[in-house]
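Note sheet for the following structure.
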Amino acid sequence: MLRLFGDQLGLRKVGNERLFILIYHRILDKPDQMLTSEPNVDTFRWQMEALVRNFNVIPLSSALEQLQNGTLPPRAVSITFDDGYRSTHDLALPIVKELNLSATVFIATSHLDGSNMWNDRIIEAIRHIQPSTIDLSVIGLGVHTINNQSDRVTVADQLVQAVKYQTSEQRLALTHRLEQLAGAAPHEELMLSEAMIKNLANNGFEIGGHTVTHPILLNISEEEGKKEMIQCKQTLEAITGKPVNLFAYPNGKVGLDYDQRHAQMAKEVGYSAAFNTSIDAVSKNTDPYQIPRGCPWDKSPLMFQLRLLRWLGQ
């Protein structure tokens, strides 16, 4: 039915010229009030099933090649994951395999084997802090009150946004302070291990680079940025024994998180394509080092698919 609707919109023709790349981060085993923007495994399953029914899911490198040579099928989509969460392995991989799909995962290599990312450390600390007033004035982040779950969500979001563009040292100061306040909170290892990366690669996942420490590239020197790209690529190639040809910019907003200098760097260090987080479809004329990605936020299968069709048809 939806395929027919897409054809009526003229997407049979347009689909041969456009690709939409979906982007995911964490997949949750169950809904989490602290992580409402992340899909749980049931939501991820119906999204993948919707893609199987009404779209053509193509491995990312193959899709880009087909786009250039004019053989891309209509309603083409590719699936990607960012950062390197172990839920990509534990929760997404079984569904992807079951449905005979493929995906690419972009990995920040400093967080392998037990080191969680700074934003997750903030969220988990806020989750476990007892109701109280938190004074962060000494690190320039004011005073925050936590009385209930709504407060926890608000404070966690405020603090993550407040330090996103600060230095790694400033981020670390906040995470350490919050973890001290949270006390002996449970620590869940959220990121992939080397063994998991190998298993993903052996099960059809393409492995891509996402820097070493996930910095905002515009906030560090060009020398540091290039080093992040090179070392990430080398580490992942050593783990998988395969070339790592694709790269995703951390955070991914052009002009805010990276610029044309970093696109040139990605090319110079040996990546064949690089991806941002601008929501748009990819055409034959898209800059191969500034390829857009996004993900529909709709809560129903119908609206999820209609939004994809609209983006493909624009």
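Each chain in the structure tokens gets a letter, A, B and so on, in the order shown; residues start at 1 in every chain, and ligands are counted from 1 in the order they appear.
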
List every residue of segment 276-311 of chain A that has an atom at most 6 Å from any atom of segment 247-264 of chain A, giving for each one its closest atom pair and the distance in Å to one decimal, counting only C-alpha atoms, sorted by chain and then by ascending residue number, as CSV.
```
residue,atom,partner,partner_atom,distance
A:Asn276,CA,A:Gly252,CA,4.3
A:Thr277,CA,A:Gly252,CA,4.9
A:Tyr289,CA,A:Ala263,CA,5.4
```

* To do: Show which residues sit within 12 Å of Ala238 of chain A, as a PyMOL selection string. Count only C-alpha atoms, and ignore same-chain residues fewer than 3 positions away.
  => chain A and resi 109+194+197-198+207+231-235+241-244

Could you write out that same residue set with N, CA and C atoms as an mmCIF file, in the first residue's frame?
```cif
data_model
loop_
_atom_site.group_PDB
_atom_site.id
_atom_site.type_symbol
_atom_site.label_atom_id
_atom_site.label_comp_id
_atom_site.auth_asym_id
_atom_site.auth_seq_id
_atom_site.Cartn_x
_atom_site.Cartn_y
_atom_site.Cartn_z
ATOM 1 N N THR A 109 36.863 5.602 19.274
ATOM 2 C CA THR A 109 37.650 4.476 19.776
ATOM 3 C C THR A 109 38.131 4.603 21.224
ATOM 4 N N GLU A 194 36.214 -4.556 21.815
ATOM 5 C CA GLU A 194 36.872 -4.946 20.571
ATOM 6 C C GLU A 194 36.259 -6.232 20.016
ATOM 7 N N ILE A 197 33.091 -5.433 18.216
ATOM 8 C CA ILE A 197 33.339 -4.806 16.913
ATOM 9 C C ILE A 197 33.685 -5.872 15.879
ATOM 10 N N LYS A 198 34.536 -6.807 16.267
ATOM 11 C CA LYS A 198 34.890 -7.891 15.347
ATOM 12 C C LYS A 198 33.651 -8.685 14.951
ATOM 13 N N ILE A 207 32.240 -0.941 9.428
ATOM 14 C CA ILE A 207 32.777 -0.178 10.545
ATOM 15 C C ILE A 207 33.341 1.138 10.022
ATOM 16 N N GLN A 231 44.173 8.300 13.941
ATOM 17 C CA GLN A 231 44.297 7.270 14.972
ATOM 18 C C GLN A 231 43.049 6.411 15.069
ATOM 19 N N CYS A 232 41.885 7.019 14.914
ATOM 20 C CA CYS A 232 40.636 6.256 14.925
ATOM 21 C C CYS A 232 40.638 5.235 13.798
ATOM 22 N N LYS A 233 40.979 5.676 12.611
ATOM 23 C CA LYS A 233 41.018 4.789 11.440
ATOM 24 C C LYS A 233 41.994 3.633 11.661
ATOM 25 N N GLN A 234 43.178 3.943 12.146
ATOM 26 C CA GLN A 234 44.191 2.918 12.362
ATOM 27 C C GLN A 234 43.755 1.897 13.407
ATOM 28 N N THR A 235 43.155 2.379 14.496
ATOM 29 C CA THR A 235 42.701 1.478 15.560
ATOM 30 C C THR A 235 41.637 0.520 15.054
ATOM 31 N N GLY A 241 40.796 -5.857 10.818
ATOM 32 C CA GLY A 241 41.573 -6.395 9.707
ATOM 33 C C GLY A 241 41.016 -5.997 8.357
ATOM 34 N N LYS A 242 40.169 -4.949 8.345
ATOM 35 C CA LYS A 242 39.537 -4.490 7.109
ATOM 36 C C LYS A 242 39.728 -2.984 6.956
ATOM 37 N N PRO A 243 39.698 -2.479 5.710
ATOM 38 C CA PRO A 243 39.799 -1.030 5.521
ATOM 39 C C PRO A 243 38.620 -0.309 6.164
ATOM 40 N N VAL A 244 38.886 0.849 6.736
ATOM 41 C CA VAL A 244 37.841 1.719 7.274
ATOM 42 C C VAL A 244 37.780 2.946 6.365
#
```

* Would you kindly return, as a list in words, each protein, DNA or RNA residue with an atom no farther than 9 Å from any atom of Ile291 of chain A, considering only C-alpha atoms and excluding same-chain residues fewer than 5 positions away? => Ile21, Ala273, Ala274, Phe275, Asn276, Thr277, Ser278, Asp280, Ala281, Val282 and Thr286 of chain A

* To do: From a DSSP calculation on the backbone, collect every residue of segment 110-141 of chain A in helix (DSSP H, G or I) and output the set as a list in words.
  => Ser110, His111, Trp118, Asn119, Asp120, Arg121, Ile122, Ile123, Glu124, Ala125, Ile126, Arg127, His128, Ser137, Val138 and Ile139 of chain A

Expected file contents, prior selection, N, CA and C atoms, as a short mmCIF file (atom, residue, chain, number, x, y, z; two decimals), in the first residue's frame:
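Saved to out.cif:
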```
data_model
loop_
_atom_site.label_atom_id
_atom_site.label_comp_id
_atom_site.auth_asym_id
_atom_site.auth_seq_id
_atom_site.Cartn_x
_atom_site.Cartn_y
_atom_site.Cartn_z
N SER A 110 38.14 5.78 21.80
CA SER A 110 38.63 5.89 23.18
C SER A 110 37.63 5.33 24.19
N HIS A 111 36.42 5.02 23.73
CA HIS A 111 35.39 4.55 24.66
C HIS A 111 35.16 3.04 24.57
N TRP A 118 31.03 11.07 28.06
CA TRP A 118 30.78 12.07 29.10
C TRP A 118 29.30 12.37 29.27
N ASN A 119 28.53 12.43 28.18
CA ASN A 119 27.10 12.76 28.30
C ASN A 119 26.35 11.65 29.03
N ASP A 120 26.71 10.40 28.79
CA ASP A 120 26.06 9.29 29.48
C ASP A 120 26.44 9.27 30.96
N ARG A 121 27.67 9.65 31.26
CA ARG A 121 28.10 9.71 32.66
C ARG A 121 27.31 10.79 33.41
N ILE A 122 27.06 11.91 32.75
CA ILE A 122 26.25 12.96 33.37
C ILE A 122 24.84 12.46 33.64
N ILE A 123 24.23 11.84 32.63
CA ILE A 123 22.85 11.36 32.76
C ILE A 123 22.74 10.32 33.87
N GLU A 124 23.68 9.40 33.93
CA GLU A 124 23.61 8.34 34.94
C GLU A 124 23.85 8.89 36.33
N ALA A 125 24.71 9.88 36.46
CA ALA A 125 24.93 10.49 37.77
C ALA A 125 23.67 11.20 38.25
N ILE A 126 23.05 11.97 37.37
CA ILE A 126 21.81 12.67 37.73
C ILE A 126 20.71 11.66 38.08
N ARG A 127 20.69 10.55 37.37
CA ARG A 127 19.69 9.51 37.66
C ARG A 127 19.79 9.02 39.11
N HIS A 128 21.01 8.96 39.66
CA HIS A 128 21.22 8.33 40.96
C HIS A 128 21.45 9.32 42.10
N SER A 137 28.38 25.95 41.16
CA SER A 137 28.90 27.30 40.91
C SER A 137 30.41 27.31 40.77
N VAL A 138 31.08 26.43 41.50
CA VAL A 138 32.53 26.41 41.48
C VAL A 138 33.07 26.07 40.10
N ILE A 139 32.28 25.37 39.26
CA ILE A 139 32.70 25.09 37.88
C ILE A 139 31.85 25.86 36.89
#
```

Quick one: everything within 9 Å of Phe81 of chain A, counting only C-alpha atoms, minus sequence neighbours fewer than 2 positions away in the same chain. Send it as a PDB file with N, CA, C and O atoms, in the first residue's frame.
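Ended up saving to result21.pdb:
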```
ATOM      1  N   LEU A  22      19.592   6.756   7.505  1.00  0.00           N
ATOM      2  CA  LEU A  22      19.078   6.819   8.877  1.00  0.00           C
ATOM      3  C   LEU A  22      20.234   6.799   9.870  1.00  0.00           C
ATOM      4  O   LEU A  22      21.227   6.091   9.672  1.00  0.00           O
ATOM      5  N   ILE A  23      20.080   7.554  10.955  1.00  0.00           N
ATOM      6  CA  ILE A  23      21.099   7.598  11.988  1.00  0.00           C
ATOM      7  C   ILE A  23      20.487   7.231  13.342  1.00  0.00           C
ATOM      8  O   ILE A  23      19.443   7.746  13.724  1.00  0.00           O
ATOM      9  N   TYR A  24      21.138   6.301  14.034  1.00  0.00           N
ATOM     10  CA  TYR A  24      20.751   5.904  15.389  1.00  0.00           C
ATOM     11  C   TYR A  24      21.957   6.060  16.311  1.00  0.00           C
ATOM     12  O   TYR A  24      23.102   6.133  15.857  1.00  0.00           O
ATOM     13  N   HIS A  25      21.680   6.088  17.605  1.00  0.00           N
ATOM     14  CA  HIS A  25      22.739   6.075  18.612  1.00  0.00           C
ATOM     15  C   HIS A  25      22.522   4.849  19.506  1.00  0.00           C
ATOM     16  O   HIS A  25      22.894   3.752  19.133  1.00  0.00           O
ATOM     17  N   ARG A  26      21.890   5.037  20.644  1.00  0.00           N
ATOM     18  CA  ARG A  26      21.583   3.893  21.518  1.00  0.00           C
ATOM     19  C   ARG A  26      20.242   3.283  21.145  1.00  0.00           C
ATOM     20  O   ARG A  26      19.315   3.972  20.709  1.00  0.00           O
ATOM     21  N   ILE A  79      21.235   2.356   6.826  1.00  0.00           N
ATOM     22  CA  ILE A  79      21.110   2.451   8.278  1.00  0.00           C
ATOM     23  C   ILE A  79      22.489   2.667   8.892  1.00  0.00           C
ATOM     24  O   ILE A  79      23.440   1.940   8.563  1.00  0.00           O
ATOM     25  N   ASP A  83      28.709   6.510  17.480  1.00  0.00           N
ATOM     26  CA  ASP A  83      29.395   6.497  18.773  1.00  0.00           C
ATOM     27  C   ASP A  83      29.970   5.141  19.154  1.00  0.00           C
ATOM     28  O   ASP A  83      31.065   5.055  19.680  1.00  0.00           O
ATOM     29  N   GLY A  84      29.234   4.063  18.928  1.00  0.00           N
ATOM     30  CA  GLY A  84      29.746   2.749  19.296  1.00  0.00           C
ATOM     31  C   GLY A  84      29.153   2.190  20.563  1.00  0.00           C
ATOM     32  O   GLY A  84      29.858   1.615  21.405  1.00  0.00           O
ATOM     33  N   TYR A  85      27.840   2.316  20.709  1.00  0.00           N
ATOM     34  CA  TYR A  85      27.151   1.732  21.863  1.00  0.00           C
ATOM     35  C   TYR A  85      27.039   0.220  21.715  1.00  0.00           C
ATOM     36  O   TYR A  85      26.786  -0.297  20.624  1.00  0.00           O
ATOM     37  N   THR A  88      24.157  -1.549  19.947  1.00  0.00           N
ATOM     38  CA  THR A  88      24.221  -1.848  18.509  1.00  0.00           C
ATOM     39  C   THR A  88      24.486  -3.330  18.302  1.00  0.00           C
ATOM     40  O   THR A  88      23.902  -3.969  17.419  1.00  0.00           O
ATOM     41  N   ALA A 103      23.981  -2.608   8.085  1.00  0.00           N
ATOM     42  CA  ALA A 103      24.122  -1.304   8.733  1.00  0.00           C
ATOM     43  C   ALA A 103      25.598  -0.946   8.834  1.00  0.00           C
ATOM     44  O   ALA A 103      26.485  -1.779   8.642  1.00  0.00           O
ATOM     45  N   THR A 104      25.839   0.324   9.148  1.00  0.00           N
ATOM     46  CA  THR A 104      27.185   0.835   9.387  1.00  0.00           C
ATOM     47  C   THR A 104      27.225   1.429  10.786  1.00  0.00           C
ATOM     48  O   THR A 104      26.272   2.094  11.204  1.00  0.00           O
ATOM     49  N   VAL A 105      28.317   1.205  11.507  1.00  0.00           N
ATOM     50  CA  VAL A 105      28.461   1.794  12.840  1.00  0.00           C
ATOM     51  C   VAL A 105      29.732   2.630  12.880  1.00  0.00           C
ATOM     52  O   VAL A 105      30.819   2.171  12.519  1.00  0.00           O
ATOM     53  N   PHE A 106      29.583   3.909  13.266  1.00  0.00           N
ATOM     54  CA  PHE A 106      30.699   4.836  13.379  1.00  0.00           C
ATOM     55  C   PHE A 106      31.133   4.886  14.842  1.00  0.00           C
ATOM     56  O   PHE A 106      30.332   5.209  15.729  1.00  0.00           O
ATOM     57  N   ILE A 107      32.417   4.593  15.096  1.00  0.00           N
ATOM     58  CA  ILE A 107      32.886   4.324  16.454  1.00  0.00           C
ATOM     59  C   ILE A 107      33.933   5.326  16.902  1.00  0.00           C
ATOM     60  O   ILE A 107      34.919   5.591  16.197  1.00  0.00           O
TER      61      ILE A 107
END
```

* Check the smallest atom-to-atom distance from each of A:Ile134, A:Leu159, A:Leu312, A:Cys295 to Phe44 of chain A using only C-alpha atoms, then report the winner. =>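 With only C-alpha atoms as the atom set, the closest residue is A:Cys295.
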
* Work out how far apart atom CA of Gln47 of chain A and atom CA of Ser78 of chain A are and give it in Å to one decimal. => 12.7 Å

* **Sel. of strand (DSSP E) residues, segment 141-309 of chain A, as a count of residues only** => 16

* Within 7 Å of Thr145 of chain A, counting only C-alpha atoms, which residues show up once you throw out same-chain ones fewer than 2 positions away? Write them as an NGL selection string, please. => :A and (132-134 or 143 or 147)

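For the residues A:Ile146, A:Ser283, A:Asp113, A:Asp90, ranking by smallest atom-to-atom distance to Ala63 of chain A using only C-alpha atoms places A:Ser283 first.
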